[in-house]
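The structure appears below as structure tokens.
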Amino acid sequence: MDVYRVIERQRDTRLRQIGEKVLKGERLSAEDGLYLFRSGQLTYVGMLAEWVNRQRNGQYAYFVVNRQINPTNVCLYQCSFCAFGVTKSDPRAYELTLEEILRKVEETYLQGGREVHVVGGIPPHWTLDHYVGIVKEIKKRFPDMVVKAWTAVEIHHMAKISKKSYEEILRMLKDAGLDALPGGGAEIFSERVRRIIAPYKASGEEYLQVHRVAHKLGIPTNATMLYGHVETYEERVEHMLKLRELQDETGGFQVFIPLAYWPEGTRLGGSRTSSVDDLMTIAVSRLFLDNFPHIKAYWVTLGERVAQVALNMGADDIDGTIEEEKIVHSAGTTSAYGHSRDKLVRLIKEAGKVPVERDTFYRVVRIFS
Ligand code: V47
Ligand code: SF4
């Protein structure tokens with residue numbers, strides 16, 4: 001049955017109207033977004049999202065050969081949902097040396113990887129030079145490696161400790177070789193939620209301002225949303241609305257990445273998200289964020305199988321080979337630590353899509369047709 005007939009036969013008037021809006025390319029309101037979340041009609045919402053995705057990306061689904069490097073897990077901020085960040089005296093605390101970081105970059109480089117995603121805890125003893133130095137050294141040794149490093153939370157922290165503006169910090173990092181910012185640290189922008197889960201780090205407005213300045217300087221960025229803890233559907237929609245407004249203003253976001261919360265070993269506790277919620281969140285984000293080019297089904301938080309289904313419900317990207325994911329594994333995810341290029345190609349093919357190896361900026365490296 002085609003999408004037009006499914007919409008025509010939808011008995012819920014409001015869902016039918018939303019479907020008609022989608023077909024006409026009209027923007028969904030916050031109320032529409034909320035209605036979709038509450039509708040409980042995953043197959044309908046997923047079908048609409050996949051229709052939008054296919055208009056944009058056809059049969060293609062993207063991945064990148066990359067590596068995540070977390071230089072340290074020592075963190076000042078102690079967010080209650082995070083099992084990765086620990087205090088300096090914790091027996092699990094570690095800090096990689098520059099040589100260790102460069103060895104990891106080299107391993108990835110030799111395998112043909114051209115992106116490193118560098119983020120970590122925020123140690124009390126690091127100065128601005130630590131952050132800038134890591135970027136500079138990676139770029140000096142591997143000039144054609146794309147350095148996607150430091151979340152808005154880390155940039156905000158650098159500004160705070162050095163008494164410099166976001167613009168000054170981002171210019172310094174760009175001069176050192178920074179190519180893009182990852183999307184971490186967004187969590188949920190609502191002040192109510194942040195007071196509970198992340199009271200000490202950059203606020204939602206500060207996160208958005210860092211990305212605004214990055215875009216102004218020509219640094220592309222990604223955006224995330226950590227869902228499935230204490231937030232309401234209204235707060236998810238409000239989060240996406242703020243991202244959509246900033247994207248209207250700057251156009252600098254490349255991809256939206258919903259991150260499913262994993263509770264193990266966290267102070268916040270709670271339970272895992274359901275697969276239905278995961279898929280609904282992917283689908284609603286594809287429909288609502290009409291100005292975001294890509295939606296990522298991050299296999300680390302979704303698990304490989306749900307990520308495959310998500311590629312048929314609005315997502316067009318599954319992130320990368322990663323090699324050694326630590327943050328979500330600290331909180332109990334059961335996915336692999338990393339995947340080979342061949343495995344990602346297979347996962348995407350099994351999902352019925354054509355795998356496309358991309359670079360950080362979504363330029364095509366190779367199509368596996
Ligand atoms: O900001 C922390 C999240 C993020 C947990 O930009 C948790 O391409 C689930 O942002 N359960 C870091 N999630 C990861 C991230 C990311 C990952 C992949 C690609 C990109 C990109 C960005 O991980 C943190 C936080 O939101 N996180 N603890 C947890 N218990
Ligand atoms: Fe630190 Fe980031 Fe974990 Fe918060 S989420 S405790 S800032 S590592």
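Quick note on naming: the chains in the structure tokens go A, B, ... in the order shown, residues restart at 1 in each chain, and ligands are numbered from 1 in order of appearance.
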
Original post:
What are the DSSP alpha helix (DSSP H) residues of segment 134-367 of chain A, as a count of residues only?
Top reply: 107

Original post:
Neighbours of Ser162 of chain A within 7 Å (only C-alpha atoms; same-chain residues fewer than 3 positions away dropped), as a list in words?
Top reply: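 The filter keeps Leu128, Met158 and Ala159 of chain A.
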
List every residue of chain A that has an atom at most 8 Å from any atom of ligand 1, giving for each one its closest atom pair and the distance in Å to one decimal, counting only C-alpha atoms and all ligand atoms, sorted by chain and then by ascending residue number, as a Markdown table.
```
| residue | atom | partner | partner_atom_place_in_ligand_line | distance |
| --- | --- | --- | --- | --- |
| A:Phe81 | CA | ligand 1 | 30 (N) | 5.1 |
| A:Cys82 | CA | ligand 1 | 28 (N) | 4.0 |
| A:Ala83 | CA | ligand 1 | 30 (N) | 6.0 |
| A:Phe84 | CA | ligand 1 | 28 (N) | 6.8 |
| A:His117 | CA | ligand 1 | 8 (O) | 7.7 |
| A:Val119 | CA | ligand 1 | 12 (C) | 7.8 |
| A:Thr151 | CA | ligand 1 | 1 (O) | 7.6 |
| A:Leu181 | CA | ligand 1 | 6 (O) | 6.9 |
| A:Pro182 | CA | ligand 1 | 6 (O) | 3.4 |
| A:Gly183 | CA | ligand 1 | 6 (O) | 3.8 |
| A:Gly184 | CA | ligand 1 | 10 (O) | 3.0 |
| A:Gly185 | CA | ligand 1 | 1 (O) | 3.7 |
| A:Ala186 | CA | ligand 1 | 1 (O) | 6.2 |
| A:Glu187 | CA | ligand 1 | 26 (O) | 5.0 |
| A:Thr221 | CA | ligand 1 | 6 (O) | 7.3 |
| A:Asn222 | CA | ligand 1 | 6 (O) | 4.8 |
| A:Ala223 | CA | ligand 1 | 6 (O) | 6.3 |
| A:Thr224 | CA | ligand 1 | 10 (O) | 6.0 |
| A:Met225 | CA | ligand 1 | 26 (O) | 6.6 |
| A:Leu226 | CA | ligand 1 | 26 (O) | 5.0 |
| A:Val255 | CA | ligand 1 | 8 (O) | 7.6 |
| A:Ile257 | CA | ligand 1 | 20 (C) | 6.9 |
| A:Leu259 | CA | ligand 1 | 13 (N) | 5.6 |
| A:Ala260 | CA | ligand 1 | 9 (C) | 5.3 |
| A:Tyr261 | CA | ligand 1 | 11 (N) | 3.7 |
| A:Trp262 | CA | ligand 1 | 11 (N) | 3.8 |
| A:Pro263 | CA | ligand 1 | 30 (N) | 5.3 |
| A:Glu264 | CA | ligand 1 | 30 (N) | 7.1 |
| A:Thr266 | CA | ligand 1 | 30 (N) | 6.6 |
| A:Tyr298 | CA | ligand 1 | 18 (C) | 6.5 |
| A:Thr301 | CA | ligand 1 | 9 (C) | 6.3 |
| A:Asp319 | CA | ligand 1 | 19 (C) | 6.4 |
| A:Ile327 | CA | ligand 1 | 2 (C) | 5.8 |
| A:Val328 | CA | ligand 1 | 29 (C) | 5.1 |
| A:Ser330 | CA | ligand 1 | 30 (N) | 7.4 |
| A:Ala331 | CA | ligand 1 | 30 (N) | 4.7 |
| A:Gly332 | CA | ligand 1 | 30 (N) | 7.8 |
| A:Thr333 | CA | ligand 1 | 11 (N) | 7.9 |
```

**OP:** May I have the residues within 6 Å of ligand 2, computed using only C-alpha atoms and all ligand atoms, as a ChimeraX atom specification?
**Re:** /A:75,77-79,82,84-85,120-122

Just write the chosen residues, N, CA and C atoms, as a CSV table (one decimal), in the first residue's frame.
```
chain,number,residue,atom,x,y,z
A,75,CYS,N,36.2,13.7,35.6
A,75,CYS,CA,35.3,14.8,35.3
A,75,CYS,C,34.8,15.5,36.5
A,77,TYR,N,32.1,17.4,36.6
A,77,TYR,CA,30.7,17.7,36.6
A,77,TYR,C,29.8,16.7,37.1
A,78,GLN,N,30.1,15.4,37.1
A,78,GLN,CA,29.4,14.4,37.8
A,78,GLN,C,27.9,14.4,37.5
A,79,CYS,N,27.5,14.4,36.2
A,79,CYS,CA,26.1,14.4,35.8
A,79,CYS,C,25.5,13.0,36.3
A,82,CYS,N,25.4,9.8,34.0
A,82,CYS,CA,26.7,9.4,33.4
A,82,CYS,C,27.5,8.4,34.2
A,84,PHE,N,30.4,7.2,33.1
A,84,PHE,CA,31.7,7.3,32.5
A,84,PHE,C,32.6,8.3,33.3
A,85,GLY,N,32.1,9.5,33.6
A,85,GLY,CA,32.9,10.5,34.3
A,85,GLY,C,33.1,10.1,35.8
A,120,GLY,N,35.8,13.8,26.1
A,120,GLY,CA,36.1,13.1,27.4
A,120,GLY,C,35.5,13.7,28.6
A,121,GLY,N,36.0,13.3,29.7
A,121,GLY,CA,35.6,14.0,30.9
A,121,GLY,C,36.2,15.4,31.0
A,122,ILE,N,35.9,16.1,32.0
A,122,ILE,CA,36.4,17.5,32.1
A,122,ILE,C,37.3,17.5,33.4
```

Original post:
Which residue gives the smallest distance to Lys88 of chain A among A:His125, A:Arg194, A:Lys326, A:Lys216, with only C-alpha atoms counted?
Top reply: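 The closest residue to Lys88 of chain A is A:His125.
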
**OP:** Give me the residues within 9 Å of Val237 of chain A as a PyMOL selection string, counting only C-alpha atoms and dropping any in the same chain fewer than 5 places off.
**Re:** chain A and resi 30-31+33-34+232+242+285+288

Subject >> Nearest to Ala202 of chain A by atom-to-atom distance, counting only C-alpha atoms, from A:Glu350, A:Glu249, A:Asp175, A:Glu154 >> reply: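 Distance minimum relative to Ala202 of chain A lands on A:Glu154.
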
Original post:
A:Asp317, A:Glu99, A:Glu235, A:Asp129: which is nearest Ala61 of chain A, counting only C-alpha atoms?
Top reply: A:Asp317

Original post:
Which of these, A:Tyr131, A:Tyr94, A:Trp126, A:Phe63, has the shortest distance to Ile295 of chain A once you count only C-alpha atoms?
Top reply: A:Phe63
